[in-house]
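Data file: protein.cif. Format and content: mmCIF, C-alpha atoms and all ligand atoms.
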```cif
data_target
loop_
_atom_site.label_atom_id
_atom_site.label_comp_id
_atom_site.auth_asym_id
_atom_site.auth_seq_id
_atom_site.Cartn_x
_atom_site.Cartn_y
_atom_site.Cartn_z
CA MET A 1 0.00 0.00 0.00
CA ALA A 2 2.77 2.39 0.93
CA ASN A 3 4.38 1.74 -2.45
CA VAL A 4 1.17 2.46 -4.23
CA LEU A 5 0.61 5.68 -2.36
CA ARG A 6 4.18 6.71 -3.11
CA ASN A 7 3.57 5.90 -6.78
CA SER A 8 0.33 7.83 -6.57
CA ALA A 9 2.32 10.93 -5.79
CA LYS A 10 4.83 10.09 -8.53
CA PHE A 11 2.52 9.18 -11.41
CA GLY A 12 -0.80 10.78 -10.45
CA PHE A 13 -4.12 9.00 -10.24
CA SER A 14 -4.45 7.64 -13.75
CA GLY A 15 -0.78 6.67 -13.75
CA VAL A 16 -1.20 4.52 -10.68
CA LEU A 17 -4.33 2.89 -12.00
CA SER A 18 -2.77 2.07 -15.33
CA GLN A 19 0.26 0.68 -13.51
CA LEU A 20 -1.97 -1.56 -11.45
CA SER A 21 -4.61 -2.41 -13.96
CA ILE A 22 -5.29 -5.60 -15.80
CA HIS A 23 -8.56 -6.63 -17.37
CA SER A 24 -10.70 -8.69 -15.06
CA ARG A 25 -12.74 -11.67 -16.09
CA HIS A 26 -15.73 -9.34 -16.37
CA GLY A 27 -13.97 -6.95 -18.70
CA ARG A 28 -13.59 -4.23 -16.11
CA GLU A 29 -10.25 -2.99 -14.96
CA CYS A 30 -8.83 -4.51 -11.81
CA VAL A 31 -5.73 -4.27 -9.72
CA SER A 32 -3.01 -6.84 -10.37
CA PRO A 33 -3.05 -9.87 -8.07
CA CYS A 34 0.54 -9.31 -6.92
CA PHE A 35 -0.57 -5.97 -5.47
CA SER A 36 -3.48 -7.46 -3.61
CA LEU A 37 -1.24 -10.13 -2.08
CA GLN A 38 0.97 -7.56 -0.42
CA GLN A 39 -1.57 -6.59 2.23
CA ARG A 40 -4.53 -8.79 2.27
CA ASN A 41 -6.31 -8.38 5.54
CA SER A 42 -6.07 -4.79 6.56
CA SER A 43 -4.82 -1.55 5.13
CA THR A 44 -4.71 1.88 6.61
CA SER A 45 -4.29 5.27 5.09
CA PRO A 46 -5.00 8.74 6.39
CA LYS A 47 -8.39 9.09 4.73
CA ILE A 48 -9.72 5.54 4.50
CA LYS A 49 -9.38 2.40 6.56
CA VAL A 50 -10.26 -1.02 5.21
CA ASP A 51 -10.63 -4.21 7.22
CA LEU A 52 -11.40 -7.53 5.65
CA ASP A 53 -12.75 -10.33 7.81
CA ASN A 54 -11.59 -13.51 6.11
CA SER A 55 -14.01 -15.67 8.06
CA THR A 56 -17.07 -13.84 6.68
CA GLY A 57 -15.63 -12.50 3.40
CA VAL A 58 -16.91 -9.04 4.34
CA ALA A 59 -14.75 -5.93 4.14
CA VAL A 60 -15.55 -2.69 5.93
CA LEU A 61 -14.37 0.54 4.36
CA ARG A 62 -14.38 3.37 6.87
CA MET A 63 -14.11 6.93 5.62
CA GLN A 64 -12.10 8.88 8.18
CA SER A 65 -11.23 12.21 6.62
CA PRO A 66 -12.31 15.09 8.90
CA PRO A 67 -14.06 17.39 8.98
CA VAL A 68 -16.65 16.00 6.51
CA ASN A 69 -15.16 13.16 4.38
CA SER A 70 -15.21 15.40 1.34
CA LEU A 71 -14.16 13.64 -1.85
CA SER A 72 -10.88 15.25 -2.83
CA LEU A 73 -8.59 13.86 -5.52
CA ASP A 74 -6.44 12.22 -2.83
CA PHE A 75 -9.48 10.73 -1.14
CA LEU A 76 -10.85 9.36 -4.41
CA THR A 77 -7.47 7.91 -5.34
CA GLU A 78 -7.27 6.01 -2.07
CA PHE A 79 -10.87 4.92 -2.39
CA CYS A 80 -10.32 3.47 -5.87
CA ILE A 81 -7.09 1.72 -4.96
CA ASN A 82 -8.77 0.08 -1.98
CA LEU A 83 -11.76 -0.95 -4.05
CA GLU A 84 -9.52 -2.50 -6.70
CA LYS A 85 -7.63 -4.47 -4.09
CA LEU A 86 -10.83 -5.87 -2.61
CA GLU A 87 -12.29 -6.60 -6.04
CA MET A 88 -9.30 -8.79 -6.89
CA ASP A 89 -9.29 -10.59 -3.57
CA LYS A 90 -11.33 -13.74 -4.11
CA SER A 91 -11.98 -14.11 -0.40
CA CYS A 92 -13.82 -10.78 -0.34
CA ARG A 93 -17.49 -11.07 -1.31
CA GLY A 94 -19.13 -8.12 0.40
CA LEU A 95 -18.30 -4.52 1.24
CA ILE A 96 -19.82 -2.21 3.84
CA ILE A 97 -19.04 1.49 3.45
CA THR A 98 -19.40 3.73 6.47
CA SER A 99 -17.94 6.80 8.18
CA THR A 100 -15.97 7.20 11.39
CA LEU A 101 -17.11 10.83 11.72
CA SER A 102 -20.02 11.81 13.86
CA LYS A 103 -22.95 13.33 11.92
CA VAL A 104 -21.44 13.04 8.43
CA PHE A 105 -21.24 10.09 6.04
CA SER A 106 -19.71 12.22 3.26
CA ALA A 107 -20.21 15.88 2.28
CA GLY A 108 -19.75 14.91 -1.37
CA LEU A 109 -17.20 16.27 -3.76
CA ASP A 110 -14.63 18.54 -2.22
CA ILE A 111 -15.76 21.93 -3.42
CA MET A 112 -12.22 23.25 -3.11
CA GLU A 113 -11.25 20.82 -5.91
CA MET A 114 -13.63 22.66 -8.22
CA TYR A 115 -12.92 26.21 -7.13
CA GLY A 116 -10.02 28.23 -8.55
CA LYS A 117 -8.31 25.20 -10.10
CA SER A 118 -6.70 24.89 -13.52
CA PRO A 119 -8.62 23.09 -16.30
CA GLU A 120 -6.01 20.29 -16.22
CA ARG A 121 -6.46 19.75 -12.52
CA CYS A 122 -10.28 19.86 -12.86
CA GLY A 123 -10.05 17.20 -15.58
CA GLU A 124 -7.89 14.96 -13.42
CA PHE A 125 -10.32 15.39 -10.54
CA TRP A 126 -13.36 14.58 -12.64
CA LYS A 127 -11.70 11.44 -14.02
CA ALA A 128 -11.24 10.31 -10.43
CA VAL A 129 -14.91 10.98 -9.66
CA GLN A 130 -15.91 8.91 -12.71
CA GLU A 131 -13.54 6.13 -11.64
CA MET A 132 -15.00 6.00 -8.13
CA TRP A 133 -18.51 5.60 -9.52
CA LEU A 134 -17.53 3.08 -12.22
CA LYS A 135 -15.76 0.88 -9.70
CA LEU A 136 -18.50 1.06 -7.09
CA TYR A 137 -21.57 0.82 -9.32
CA GLY A 138 -19.98 -2.04 -11.28
CA SER A 139 -18.51 -3.89 -8.32
CA ASN A 140 -18.84 -7.67 -8.20
CA MET A 141 -19.06 -7.46 -4.43
CA ALA A 142 -22.34 -7.04 -2.62
CA THR A 143 -22.13 -3.45 -1.40
CA ILE A 144 -24.00 -1.83 1.48
CA ALA A 145 -23.86 1.81 2.51
CA ALA A 146 -24.16 2.16 6.28
CA ILE A 147 -25.13 5.84 6.25
CA ASN A 148 -24.47 7.14 9.73
CA GLY A 149 -24.72 10.85 8.96
CA SER A 150 -25.54 13.39 6.28
CA SER A 151 -24.78 12.41 2.73
CA PRO A 152 -25.33 15.23 0.22
CA ALA A 153 -24.39 15.29 -3.50
CA GLY A 154 -21.32 13.09 -4.13
CA GLY A 155 -21.99 11.38 -0.79
CA CYS A 156 -25.44 10.48 -2.08
CA LEU A 157 -23.90 9.28 -5.36
CA MET A 158 -21.61 6.98 -3.40
CA SER A 159 -24.60 5.67 -1.42
CA ILE A 160 -26.75 4.99 -4.47
CA GLY A 161 -23.75 3.34 -6.10
CA CYS A 162 -24.12 0.58 -3.50
CA ASP A 163 -26.61 -2.30 -3.67
CA TYR A 164 -28.41 -1.41 -0.43
CA ARG A 165 -28.65 1.59 1.87
CA ILE A 166 -29.23 1.62 5.63
CA MET A 167 -29.49 5.06 7.18
CA ALA A 168 -29.53 6.31 10.76
CA ASP A 169 -33.08 7.23 11.76
CA ASN A 170 -32.21 10.81 12.59
CA PRO A 171 -34.25 13.62 11.01
CA ARG A 172 -31.23 15.93 11.24
CA TYR A 173 -29.35 13.84 8.69
CA SER A 174 -30.04 14.52 5.05
CA ILE A 175 -29.26 12.88 1.75
CA GLY A 176 -29.84 13.85 -1.87
CA LEU A 177 -28.37 15.23 -5.06
CA ASN A 178 -28.51 18.95 -4.21
CA GLU A 179 -26.27 20.15 -7.06
CA THR A 180 -28.71 22.75 -8.41
CA GLN A 181 -28.61 24.47 -5.00
CA LEU A 182 -24.94 25.16 -5.69
CA GLY A 183 -25.74 26.46 -9.17
CA ILE A 184 -24.24 23.37 -10.78
CA VAL A 185 -25.83 20.50 -12.64
CA ALA A 186 -25.61 16.81 -11.80
CA PRO A 187 -24.22 15.01 -14.87
CA PHE A 188 -26.21 12.37 -16.76
CA TRP A 189 -24.71 9.43 -14.91
CA PHE A 190 -25.61 10.91 -11.51
CA LYS A 191 -29.12 11.35 -12.92
CA ASP A 192 -29.22 7.81 -14.35
CA THR A 193 -28.14 6.30 -11.02
CA LEU A 194 -30.85 8.27 -9.20
CA VAL A 195 -33.52 7.30 -11.74
CA ASN A 196 -32.48 3.65 -11.37
CA THR A 197 -32.93 4.02 -7.61
CA VAL A 198 -36.10 6.09 -7.12
CA GLY A 199 -37.74 6.21 -10.56
CA ASN A 200 -38.10 9.00 -13.08
CA ARG A 201 -40.64 11.30 -11.41
CA ALA A 202 -39.01 11.36 -7.97
CA ALA A 203 -35.61 11.87 -9.63
CA GLU A 204 -36.94 14.75 -11.71
CA LEU A 205 -38.32 16.59 -8.67
CA SER A 206 -35.29 15.79 -6.64
CA LEU A 207 -32.75 16.98 -9.23
CA GLU A 208 -34.52 20.09 -10.46
CA LEU A 209 -35.09 21.38 -6.92
CA GLY A 210 -31.78 20.07 -5.57
CA LEU A 211 -33.68 18.43 -2.72
CA LEU A 212 -31.98 17.15 0.38
CA TYR A 213 -34.24 14.61 2.08
CA SER A 214 -34.38 13.96 5.80
CA ALA A 215 -33.80 10.30 6.63
CA PRO A 216 -37.58 9.55 6.96
CA ASP A 217 -38.34 11.34 3.67
CA ALA A 218 -35.48 9.53 1.94
CA LEU A 219 -37.06 6.23 3.00
CA LYS A 220 -40.44 7.34 1.65
CA ILE A 221 -39.11 7.88 -1.88
CA GLY A 222 -36.86 4.80 -1.79
CA LEU A 223 -33.61 6.76 -1.76
CA VAL A 224 -32.60 4.60 1.19
CA ASP A 225 -33.88 1.09 1.88
CA GLN A 226 -34.04 1.00 5.66
CA LEU A 227 -33.86 3.30 8.69
CA VAL A 228 -32.57 2.04 12.01
CA PRO A 229 -31.53 3.71 15.28
CA GLU A 230 -28.13 5.31 14.90
CA ASP A 231 -26.32 2.82 17.13
CA GLN A 232 -27.67 -0.07 15.06
CA VAL A 233 -26.65 1.12 11.58
CA PHE A 234 -23.48 -0.94 11.43
CA SER A 235 -24.81 -4.13 13.04
CA THR A 236 -27.85 -4.00 10.73
CA ALA A 237 -25.51 -3.64 7.76
CA GLN A 238 -23.64 -6.75 8.91
CA ASP A 239 -26.87 -8.74 9.34
CA THR A 240 -28.16 -7.57 5.97
CA MET A 241 -24.88 -8.50 4.33
CA SER A 242 -25.25 -12.14 5.46
CA LYS A 243 -28.58 -12.26 3.61
CA TRP A 244 -26.99 -10.85 0.45
CA LEU A 245 -24.13 -13.34 0.71
CA ALA A 246 -26.56 -16.24 1.06
CA VAL A 247 -27.34 -15.75 -2.65
CA PRO A 248 -24.84 -17.54 -4.92
CA ASP A 249 -22.27 -14.96 -6.07
CA HIS A 250 -22.42 -15.73 -9.79
CA ALA A 251 -26.22 -15.41 -9.94
CA ARG A 252 -26.20 -12.15 -8.00
CA GLN A 253 -23.33 -10.70 -10.05
CA ILE A 254 -24.88 -11.55 -13.42
CA THR A 255 -28.18 -10.06 -12.28
CA LYS A 256 -26.47 -6.92 -11.04
CA SER A 257 -24.64 -6.55 -14.32
CA MET A 258 -27.92 -7.03 -16.21
CA MET A 259 -29.47 -4.19 -14.18
CA ARG A 260 -26.53 -1.77 -14.33
CA LYS A 261 -24.46 -2.49 -17.44
CA GLN A 262 -26.35 -0.17 -19.75
CA THR A 263 -25.91 2.76 -17.36
CA ILE A 264 -22.21 2.00 -16.91
CA ASP A 265 -21.60 1.56 -20.66
CA LYS A 266 -23.19 4.94 -21.31
CA LEU A 267 -20.51 6.68 -19.27
CA LEU A 268 -17.72 4.43 -20.57
CA SER A 269 -18.52 5.39 -24.15
CA ASN A 270 -18.78 9.11 -23.28
CA ARG A 271 -16.03 9.44 -20.72
CA GLU A 272 -13.80 11.94 -22.47
CA ALA A 273 -16.73 14.12 -23.56
CA ASP A 274 -18.04 14.08 -20.01
CA ILE A 275 -14.65 15.29 -18.72
CA THR A 276 -14.54 18.03 -21.36
CA ASN A 277 -18.09 19.13 -20.45
CA PHE A 278 -17.29 19.20 -16.76
CA VAL A 279 -14.11 21.22 -17.23
CA SER A 280 -15.68 23.81 -19.52
CA PHE A 281 -18.72 24.12 -17.21
CA ILE A 282 -16.94 24.31 -13.88
CA THR A 283 -14.29 26.80 -15.01
CA LYS A 284 -16.89 29.33 -16.26
CA ASP A 285 -16.76 32.61 -14.34
CA SER A 286 -20.45 32.45 -13.48
CA ILE A 287 -20.12 28.93 -12.05
CA GLN A 288 -17.02 29.87 -10.10
CA ARG A 289 -19.00 32.77 -8.62
CA SER A 290 -21.81 30.40 -7.59
CA LEU A 291 -19.32 28.07 -5.93
CA ARG A 292 -17.70 30.97 -4.06
CA MET A 293 -21.08 32.12 -2.78
CA TYR A 294 -21.91 28.59 -1.68
CA LEU A 295 -18.60 28.27 0.15
CA GLU A 296 -19.22 31.61 1.87
CA MET A 297 -22.70 30.43 2.84
CA LEU A 298 -21.21 27.27 4.39
CA LYS A 299 -18.75 29.34 6.42
CA SER A 300 -21.32 31.98 7.49
CA ARG A 301 -23.74 29.27 8.61
CA LYS A 302 -21.08 28.27 11.09
CA ALA A 303 -20.47 31.79 12.45
N1 LIG A 401 -16.22 20.46 0.16
C1 LIG A 401 -15.29 21.17 0.83
N2 LIG A 401 -15.44 21.62 2.09
C2 LIG A 401 -16.61 21.34 2.71
C3 LIG A 401 -17.63 20.61 2.08
C4 LIG A 401 -17.40 20.15 0.75
N3 LIG A 401 -18.31 19.43 0.06
N4 LIG A 401 -18.65 20.50 2.95
C5 LIG A 401 -18.29 21.13 4.07
N5 LIG A 401 -17.06 21.66 3.95
C6 LIG A 401 -16.27 22.37 4.96
C7 LIG A 401 -17.01 23.60 5.51
O1 LIG A 401 -16.83 24.73 4.67
C8 LIG A 401 -16.35 23.74 6.86
O2 LIG A 401 -15.08 24.33 6.65
P1 LIG A 401 -14.42 25.28 7.78
O3 LIG A 401 -14.29 24.41 9.01
O4 LIG A 401 -13.12 25.70 7.20
O5 LIG A 401 -15.38 26.44 7.98
C9 LIG A 401 -16.11 22.30 7.29
O6 LIG A 401 -16.11 21.52 6.09
C10 LIG A 401 -17.17 21.75 8.23
O7 LIG A 401 -18.45 21.96 7.63
P2 LIG A 401 -19.76 22.26 8.50
O8 LIG A 401 -19.43 23.18 9.62
O9 LIG A 401 -20.83 22.69 7.55
O10 LIG A 401 -20.04 20.80 9.11
P3 LIG A 401 -21.44 20.25 9.70
O11 LIG A 401 -21.08 19.00 10.41
O12 LIG A 401 -22.18 21.32 10.41
O13 LIG A 401 -22.31 19.87 8.38
C11 LIG A 401 -22.58 18.93 6.18
C12 LIG A 401 -21.89 18.82 7.56
C13 LIG A 401 -24.07 18.67 6.36
C14 LIG A 401 -21.98 17.86 5.29
C15 LIG A 401 -22.35 20.36 5.64
O14 LIG A 401 -20.96 20.67 5.72
C16 LIG A 401 -22.76 20.53 4.20
O15 LIG A 401 -23.94 20.62 3.90
N6 LIG A 401 -21.76 20.61 3.28
C17 LIG A 401 -22.00 20.91 1.90
C18 LIG A 401 -22.36 19.66 1.17
C19 LIG A 401 -22.57 19.92 -0.28
O16 LIG A 401 -23.38 20.74 -0.69
N7 LIG A 401 -21.80 19.22 -1.11
C20 LIG A 401 -21.90 19.37 -2.52
C21 LIG A 401 -20.59 19.11 -3.17
S1 LIG A 401 -20.78 19.06 -4.93
C22 LIG A 401 -20.93 17.42 -5.34
O17 LIG A 401 -20.70 16.57 -4.55
C23 LIG A 401 -21.33 17.01 -6.74
C24 LIG A 401 -20.92 17.96 -7.77
C25 LIG A 401 -21.24 17.50 -9.17
C26 LIG A 401 -20.58 18.46 -10.15
C27 LIG A 401 -21.29 18.57 -11.43
C28 LIG A 401 -20.78 19.77 -12.21
C29 LIG A 401 -21.00 19.67 -13.68
#
```

This entry written out as C-alpha cells:
Amino acid sequence: MANVLRNSAKFGFSGVLSQLSIHSRHGRECVSPCFSLQQRNSSTSPKIKVDLDNSTGVAVLRMQSPPVNSLSLDFLTEFCINLEKLEMDKSCRGLIITSTLSKVFSAGLDIMEMYGKSPERCGEFWKAVQEMWLKLYGSNMATIAAINGSSPAGGCLMSIGCDYRIMADNPRYSIGLNETQLGIVAPFWFKDTLVNTVGNRAAELSLELGLLYSAPDALKIGLVDQLVPEDQVFSTAQDTMSKWLAVPDHARQITKSMMRKQTIDKLLSNREADITNFVSFITKDSIQRSLRMYLEMLKSRKA
C-alpha cells in the first residue's frame, strides 16, 4: 500500500491505475493480483481504513477524513485503490461502506477541488470521480452503505452506487443530489443512477429542486432502503450482508450486471466528452462565482 501511495504521488491518479490495472474476467479494470497479495487483511491510510474479515468475506471501508469526508482527488485515489484491491481478492465477497465521523457520512465532492483550479487539474479530478462511480456501481461485491450521517451530493452518489442503503433514523441527517442548490448541474450518470434508484418522477423533482431529504423522507421515496436507530446502523448492515451473501455470487453478479451495465456503458462510451463538459462548465466565471457564494454560505452558517 505504501508503495502504491508513493507511486500515486509520482505518477498521479491515472498513472497509478494504469500501472496496477489488468482486465478482469468481467472486462472491467482490476488491480493486479501481486498488489493485492501484499496486504490482504487490513490496510490503513490517512483518509480511508479497510478491514477484511476472512471468516465472513466481508470488508468494511471506513471513511475517516475530517471534517466532513469530502471527496478530494487524494481521497478518491485512495478509495479506488482500496476498491480495486478488494475486487481482486477472491476471499472478499461483500463490502460495507461507512464513516468514522459523527454526523457526516460524506459531504460529497470537495468543493475546493472545483474552485479556482486549472482546467487540467479539474479534468484529473473529474476522471477520479468517474472512476470511483464506475468501480462502485460495477462492483462484483455485494455493497451496502451504512449511512451514519448526512450524505449530500457526491456522498449520495456513493450511497446509491451501492446495492443497499441503511441510514440512521435521525431527522437531522439529510441525503440527496442537491447540485442545483450550488448552481451546478448533476451530470447524466448521476441522474441515471438516481432514476435507477427512485424512478423518473421522484428523480426529476429531486434533481430540479436540488432536494436534500431527511432520513424519513429519503425512506419514503426509496432513496434509502431501511432506517434504524443510529447505534444499530453498522450491526444492521452486517446482518443484511449475510442475507446478500446467502445468494450464490455468480447469480447475484450476473443479475447486477444485467441491471446496471447499460448505465455504466453509457458513461464508458462518453467518458472523455463528459470530462470536457465538466471542465468547460466548472471553469466558467459564473459557475465559479456560484461556488464561491456557496462556500461563503457554508462558512457563514457556522459563524
Ligand atoms: N467540500 C469542501 N469543504 C466542505 C464541504 C465540501 N463538500 N462541505 C463542508 N465543507 C467544509 C465547511 O466549509 C467547513 O469548513 P471550515 O471548518 O473551514 O469552515 C467544514 O467543512 C465543516 O463543515 P460544517 O461546519 O458545515 O459541518 P457540519 O457537520 O455542520 O455539516 C454537512 C456537515 C451537512 C456535510 C455540511 O458541511 C454541508 O452541507 N456541506 C456541503 C455539502 C454539499 O453541498 N456538497 C456538494 C458538493 S458538490 C458534489 O458533490 C457534486 C458535484 C457534481 C458536479 C457537477 C458539475 C458539472

Need to verify the contact set: Ser99 (chain A), 9 Å, all atoms listed in the file, exclusion of same-chain residues closer than 6 positions in sequence. Can you return it as a PDB file with C-alpha atoms, in the frame of the given file?
```pdb
ATOM      1  CA  LEU A  61     -14.370   0.540   4.360  1.00  0.00           C
ATOM      2  CA  ARG A  62     -14.380   3.370   6.870  1.00  0.00           C
ATOM      3  CA  MET A  63     -14.110   6.930   5.620  1.00  0.00           C
ATOM      4  CA  GLN A  64     -12.100   8.880   8.180  1.00  0.00           C
ATOM      5  CA  SER A  65     -11.230  12.210   6.620  1.00  0.00           C
ATOM      6  CA  ASN A  69     -15.160  13.160   4.380  1.00  0.00           C
ATOM      7  CA  PHE A 105     -21.240  10.090   6.040  1.00  0.00           C
ATOM      8  CA  SER A 106     -19.710  12.220   3.260  1.00  0.00           C
ATOM      9  CA  ALA A 146     -24.160   2.160   6.280  1.00  0.00           C
ATOM     10  CA  ILE A 147     -25.130   5.840   6.250  1.00  0.00           C
ATOM     11  CA  ASN A 148     -24.470   7.140   9.730  1.00  0.00           C
ATOM     12  CA  GLY A 149     -24.720  10.850   8.960  1.00  0.00           C
TER      13      GLY A 149
END
```

### Nearest to Trp133 (chain A), chosen from A:Thr197, A:Ser102, A:Thr263, A:Asn54, with all atoms listed in the file counted in the distances
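Under the stated criterion, the closest residue is A:Thr263.
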
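The gap separating CA of Leu268 (chain A) from CA of Ser91 (chain A) is 28.0 Å, in Å to one decimal.
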
### Task
Go through A:Gln181, A:Asn196, A:Ser174, A:Gln262 and flag the residue nearest Met293 (chain A), using all atoms listed in the file for the distances.
A:Gln181

#### Entry: Within 7 Å of ligand LIG 401 (chain A) (only C-alpha atoms and all ligand atoms), residues as a VMD selection string
chain A and resid 67 to 68 70 103 to 104 106 to 112 150 to 155 178 to 179 182 184 to 187 278 281 to 282 295 298 to 299 302

#### Entry: Separation of CA of Gly57 (chain A) from CA of Lys243 (chain A), in Å and rounded to one decimal
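Rounded to one decimal, the two atoms are 13.0 Å apart.
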
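Distance-wise, CA of Glu113 (chain A) and CA of Ile275 (chain A) end up 14.4 Å apart.
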
### Message
Residues near region 204-219 of chain A, anyone? I mean within 7 Å using all atoms listed in the file, not counting same-chain ones fewer than 5 positions away, as a list in words.
### Response
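Those residues are Pro152, Met167, Asp169, Asn170, Pro171, Arg172, Tyr173, Ser174, Ile175, Gly176, Leu177, Asn178, Glu179, Thr180, Gln181, Val224, Asp225 and Gln226 of chain A.
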
#### Entry: Test item: residues at most 9 Å from Ala142 (chain A), all atoms listed in the file, excluding those fewer than 3 positions along its chain, as a list of chain:residue names
A:Arg93, A:Gly94, A:Leu95, A:Ile96, A:Ser139, A:Cys162, A:Asp163, A:Tyr164, A:Met241, A:Trp244, A:Leu245, A:Asp249, A:Arg252, A:Gln253

### Message
Here is a test: counting all atoms listed in the file, which residue of A:Glu296, A:Asp51, A:Glu230, A:Asp74 is nearest to Val129 (chain A)?
### Response
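Looking at the shortest contact to Val129 (chain A), the residue is A:Asp74.
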
### Message
Excluding Trp189 (chain A) and its own-chain neighbours fewer than 6 positions away, which residues fall within 10 Å of it when counting only C-alpha atoms? Please give them as a list in words.
### Response
Gln130, Trp133, Leu134, Leu157, Val195, Thr263, Ile264, Lys266, Leu267 and Asp274 of chain A

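Ranking A:Lys49, A:Thr98, A:Asn82, A:Lys117 by their shortest atom-to-atom distance to Val279 (chain A), with only C-alpha atoms included, puts A:Lys117 first.
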
Box time for region 108-127 of chain A: axis-aligned, enclosing all its listed atoms, 5 Å extra on each side; report centre and edge lengths in Å to one decimal, as JSON.
```
{"center_x": -12.9, "center_y": 19.8, "center_z": -8.8, "size_x": 23.7, "size_y": 26.8, "size_z": 24.9}
```

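Each of A:Ser72, A:Ser280, A:Ser300, A:Thr236 was compared to Ala145 (chain A) using only C-alpha atoms, and A:Thr236 turns out to be the nearest.
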